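Peer 1: Take a look at the following structure, please.
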Number of protein chains: 2
Amino acid sequence: MKQESKIPYKIYLEESEMPTSWYNMRADMKNKPAPLLNPGTLKPMTFEELTGVFCDDLVRQELDDTTPYIEIPEEIRNFYRMYRPSPLVRAYCLEEKLQTPAKIYYKFEGNNTSGSHKLNSAIAQAYYAKKQGLKGVTTETGAGQWGTALSMACAYLGLDCKVYMVKVSYEQKPFRREVMRTYGASVTPSPSMETAVGRKILAEHPGTTGSLGCAISEAVEVATTNEGYRYVLGSVLNQVLLHQSVIGLESKAAMDKYGIVPDVIIGCAGGGSNLGGLIAPFMGEKLRGERDYRIIAVEPASCPSFTRGKFAYDFCDTGMICPLAKMYTLGSGFIPSPNHAGGLRFHGMSTILSQLYHDGLMEATSVEQTAVFEAAEQFARVEGILPAPESAHAIRVAMDEALKCKETGEEKTILFGLTGTGYFDLVAYEKFHDGEMSDYIPTDADLQKGFDGIPKFPGNEF
Amino acid sequence: MKQESKIPYKIYLEESEMPTSWYNMRADMKNKPAPLLNPGTLKPMTFEELTGVFCDDLVRQELDDTTPYIEIPEEIRNFYRMYRPSPLVRAYCLEEKLQTPAKIYYKFEGNNTSGSHKLNSAIAQAYYAKKQGLKGVTTETGAGQWGTALSMACAYLGLDCKVYMVKVSYEQKPFRREVMRTYGASVTPSPSMETAVGRKILAEHPGTTGSLGCAISEAVEVATTNEGYRYVLGSVLNQVLLHQSVIGLESKAAMDKYGIVPDVIIGCAGGGSNLGGLIAPFMGEKLRGERDYRIIAVEPASCPSFTRGKFAYDFCDTGMICPLAKMYTLGSGFIPSPNHAGGLRFHGMSTILSQLYHDGLMEATSVEQTAVFEAAEQFARVEGILPAPESAHAIRVAMDEALKCKETGEEKTILFGLTGTGYFDLVAYEKFHDGEMSDYIPTDADLQKGFDGIPKFPGNEF
């Protein structure tokens with residue numbers, strides 16, 4: 001196995017080198033992401049309106065598109081020290097396996113019990129809820145990573161945590177519930193009969209396997225109808241990308257230590273939390289004209305928001321009780337085929353990333369799931385980490401880029417985000433091993449049904 | 001949360017500070033561990049006899065009780081760099097939760113996909129098998145950690161891997177099999193009908209849930225009756241403790257960097273691989289009279305080899321086809337109650353540790369499993385890592401020692417081994433949460449049945 005003498009397998013920052021502020025990409029964007037709209041008035045959501053749903057400090061972060069650096073409170077930095085800095089890994093073994101001249105690095109965010117990067121924002125959101133004197137928070141979870149992360153953060157701070165989990169994931173991942181329970185959270189499969197919106201969805205779509213959009217509606221309803229609760233969300237929102245910037249800031253600091261400059265940066269994208277965090281400081285340089293990077297969002301072919309969606313104002317939830325966000329969307333009624341096992345199931349996309357993509361500052365591509373699991377298995381065997389299927393989307397494209405370098409002889413430096421581990425995705429791995437995994441690409445007609453549900457109003461043409 | 005200014009939450013060694021040799025405690029022991037005996041002749045097993053079962057280089061290590069340092073081959077050091085150095089963590093959060101003046105450190109070995117320290121010896125054993133030109137290896141696994149680790153190592157080196165998994169674990173841990181399968185291993189629940197010894201055990205004990213002793217017998221039979229295969233074992237053997245010394249060597253190097261000296265060192269003990277590895281360099285200082293440490297082995301009350309077993313020559317396997325080892329043993333026919341969920345199910349104990357315990361160089365204590373899971377949950381909530389039940393035995397005693405310090409006001413420094421993560425133990429966690437977990441302490445009569453099976457011959461009185 002080759003090893004460049006100066007670059008270790010894993011680059012760890014010292015605690016003293018860890019970021020003390022999050023970076024807010026919006027401050028450097030010429031075209032700011034569009035504001036959230038009140039679906040009743042079609043006016044931008046005000047601070048007062050948003051604080052009915054979200055914690056006050058988080059709303060301030062949500063609305064702030066001018067401050068470039070926002071200090072990370074000391075309590076959050078202390079929590080980060082429990083599992084951060086995360087390693088930036090040089091994939092020497094993968095490079096050797098692929099026989100590529102490319103240099104591959106990945107930022108591994110799975111080295112904590114929640115198993116993913118989601119903990120970075122979970123602790124921040126729980127911290128501000130606690131600071132506001134709340135009793136607890138409600139949320140949705142799809143694959144279960146976000147719910148687990150939030151449970152951990154809430155247990156640490158002594159907050160109540162109510163999780164609505166997409167029914168298909170609840171059934172496919174029986175042990176996810178048990179981890180959340182270890183951390184004291186309550187977990188309800190969604191849609192449920194516990195909420196008005198859940199009952200309505202079940203009446204209209206009996207037997208539905210659920211979606212993130214449904215689960216969001218239920219969690220928001222519970223937060224807004226219970227004293228002392230607010231709703232928190234694990235992706236999509238500006239505040240979440242802000243917190244996740246810690247991934248990119250650490251990656252860049254680690255690379256800077258060794259004078260490494262990535263040519264290509266690759267991340268999987270569901271709602272955009274990991275990708276938005278990973279690329280943040282690099283995109284900042286690009287926005288300020290200091291340096292150029294090629295940035296690639298990878299999404300599942302079965303849920304192709306960027307590559308086949310519309311850039312329009314749409315609901316983030318199926319129940320249509322949330323504000324409207326301008327984003328690449330498949331329509332809030334879109335539900336990925338149940339055969340889709342690899343997470344990244346959300347119908348929309350971060351408004352920040354949507355604007356950046358719209359402005360040509362990043363690319364997007366989609367991949368099919370059997371190819372994703374092939375990459376996952378190959379990666380596991382040589383790099384020793386069983387990746388989450390979500391992360392394996394980025395692995396697939398990173399490997400493809402490295403194989404292109406093999407053809408051209410280019411020594412490109414590739415950085416990708418390894419967002420988490422696949423310990424709770426073994427039902428999906430089993431399907432893959434048994435040859436029972438199939439690919440699914442929605443037809444234009446399938447997508448049109450989702451698009452038909454996007455609200456029509458002046459300025460929202462697509 | 002308090003933090004001593006100079007000591008970070010996690011101490012990582014640089015790659016250049018990683019051990020380049022394993023440390024062999026036997027070289028410094030005045031009373032050497034007793035040799036393995038041929039059960040037929042009752043003479044010490046020769047190199048030639050042992051190489052029918054084990055790889056040549058591993059037999060050399062097994063028999064070498066004079067060389068203190070044995071170089072780690074470069075290929076193994078490269079593999080170690082994939083997941084090592086592992087962090088030495090200062091448990092600031094746990095200390096605060098317990099309000100103890102004790103300083104608690106743990107060496108976390110779960111930061112790799114196999115989820116435990118077992119990988120340290122798996123890669124070494126697979127490497128020597130590959131070097132010898134073998135086709136593959138056979139082994140047993142109980143909780144599944146060792147089998148997973150060996151599968152990873154074999155996948156990396158392109159060796160075939162046949163795993164016999166204790167039936168009760170196979171059924172309780174359905175996803176363990178899937179991880180091993182991702183790494184290309186075959187996994188058979190033991191006892192099976194595939195081997196003569198398995199068929200014999202099933203005929204005598206229909207409906208048995210299996211034991212490590214049974215699974216070892218099957219794996220040895222397959223290794224010795226198939227061309228190009230050898231048997232490998234994840235614990236108990238001298239060679240395994242040698243490889244696992246990397247845990248203690250890294251721990252000591254990390255502590256030395258900050259001038260930290262532990263007063264108490266605590267590890268869980270099933271066959272002894274983790275404990276023997278963790279304590280190695282500290283015990284070396286103790287054996288050489290350079291410094292004294294209090295060392296505590298923690299075992300389950302339901303499988304109390306050290307605290308209630310006999311120090312005698314016994315079989316390592318149920319089928320009685322393996323050599324005899326002098327160790328603390330409950331008898332090779334002893335099978336822990338099926339209600340025991342927490343690993344550490346082996347009836348015997350490393351001969352090295354047995355000799356050290358017999359010579360009064362270390363202590364042992366046993367704990368009941370509900371108390372162990374209480375500690376596990378408390379630890380998970382404050383330290384953010386879901387521990388393996390095995391590791392939680394050490395957590396329980398470390399917490400108890402820290403609580404004693406709270407009473408006495410002593411600022412002791414405690415080091416314990418956090419051997420792995422509990423992602424595959426959620427059936428056990430679920431039982432604990434549902435109040436369905438019970439404790440079990442074998443009666444003297446229960447133990448006597450096991451003792452009756454220990455072979456009687458001159459010099460083996462107990």
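By convention here, the chains of the structure tokens are called A, B, ... in the order presented, each chain's residues are numbered starting at 1, and ligands are numbered starting at 1 in the order presented.
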Could you list, as a PyMOL selection string, every residue of chain A that has an atom within 7 Å of an atom of chain B, counting only C-alpha atoms?
Peer 2: chain A and resi 8-9+15+81-82+111-113+152+155-156+175+178+182-183+377+381-386+423+426+430
Peer 1: Could you save those same residues with C-alpha atoms as a PDB file, in the first residue's frame?
Peer 2:
ATOM      1  CA  PRO A   8      -1.068  10.266   7.369  1.00  0.00           C
ATOM      2  CA  TYR A   9      -4.015   7.936   6.861  1.00  0.00           C
ATOM      3  CA  GLU A  15      -8.858  20.498  19.922  1.00  0.00           C
ATOM      4  CA  ARG A  81     -15.338  17.644  21.809  1.00  0.00           C
ATOM      5  CA  MET A  82     -17.018  14.379  22.801  1.00  0.00           C
ATOM      6  CA  ASN A 111     -17.643   8.134  14.543  1.00  0.00           C
ATOM      7  CA  ASN A 112     -20.367   8.810  17.079  1.00  0.00           C
ATOM      8  CA  THR A 113     -23.198   6.654  18.352  1.00  0.00           C
ATOM      9  CA  MET A 152     -28.657  11.856  22.151  1.00  0.00           C
ATOM     10  CA  ALA A 155     -30.669  13.133  26.755  1.00  0.00           C
ATOM     11  CA  TYR A 156     -27.476  15.088  27.330  1.00  0.00           C
ATOM     12  CA  PHE A 175     -33.168  -1.299  16.308  1.00  0.00           C
ATOM     13  CA  GLU A 178     -34.186   0.962  20.606  1.00  0.00           C
ATOM     14  CA  THR A 182     -31.817   4.193  25.252  1.00  0.00           C
ATOM     15  CA  TYR A 183     -31.576   7.955  24.996  1.00  0.00           C
ATOM     16  CA  GLU A 377     -19.499  -3.069  -0.369  1.00  0.00           C
ATOM     17  CA  ARG A 381     -13.901  -4.256   2.135  1.00  0.00           C
ATOM     18  CA  VAL A 382     -10.909  -2.011   1.497  1.00  0.00           C
ATOM     19  CA  GLU A 383     -11.436   0.953   3.808  1.00  0.00           C
ATOM     20  CA  GLY A 384     -12.874  -1.031   6.714  1.00  0.00           C
ATOM     21  CA  ILE A 385     -15.933   1.140   7.295  1.00  0.00           C
ATOM     22  CA  LEU A 386     -19.452  -0.108   6.580  1.00  0.00           C
ATOM     23  CA  TYR A 423     -25.139  -0.566  11.110  1.00  0.00           C
ATOM     24  CA  LEU A 426     -28.451  -4.229   7.158  1.00  0.00           C
ATOM     25  CA  GLU A 430     -29.244  -8.209   2.934  1.00  0.00           C
TER      26      GLU A 430
END
Peer 1: Within 9 Å of Phe334 in chain A, counting only C-alpha atoms, which residues show up once you throw out same-chain ones fewer than 2 positions away? Write them as a PyMOL selection string, please.
Peer 2: chain A and resi 211+213+303+318+330-332+336+346-347+446-447+449-451+453
Peer 1: Near Lys131 in chain A, within 10 Å and counting only C-alpha atoms, which residues show up once chain neighbours fewer than 3 positions away are dropped, as JSON, numbers by chain?
Peer 2: {"A": [55, 56, 57, 125, 126, 127, 128, 134]}
Peer 1: Running DSSP on the backbone, which parts of range 161-371 of chain B land in helix (DSSP H, G or I), as a PyMOL selection string?
Peer 2: chain B and resi 167-172+174-182+196-204+212-225+238-257+273-287+305-308+351-358+369-371
Peer 1: So that I can see what lies close to Gly276 in chain B, please list as a list in words the residues with an atom at most 9 Å from it, counting only C-alpha atoms and leaving out residues fewer than 3 positions away in the same chain.
Peer 2: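 Everything that qualifies: Met25, Val240, Leu241, Leu242, Gln244, Ser245, Gly248, Gly267, Ala269, Gly272, Ser273, Ile279, Ala280, Ser350, Ile352 and Leu353 of chain B.
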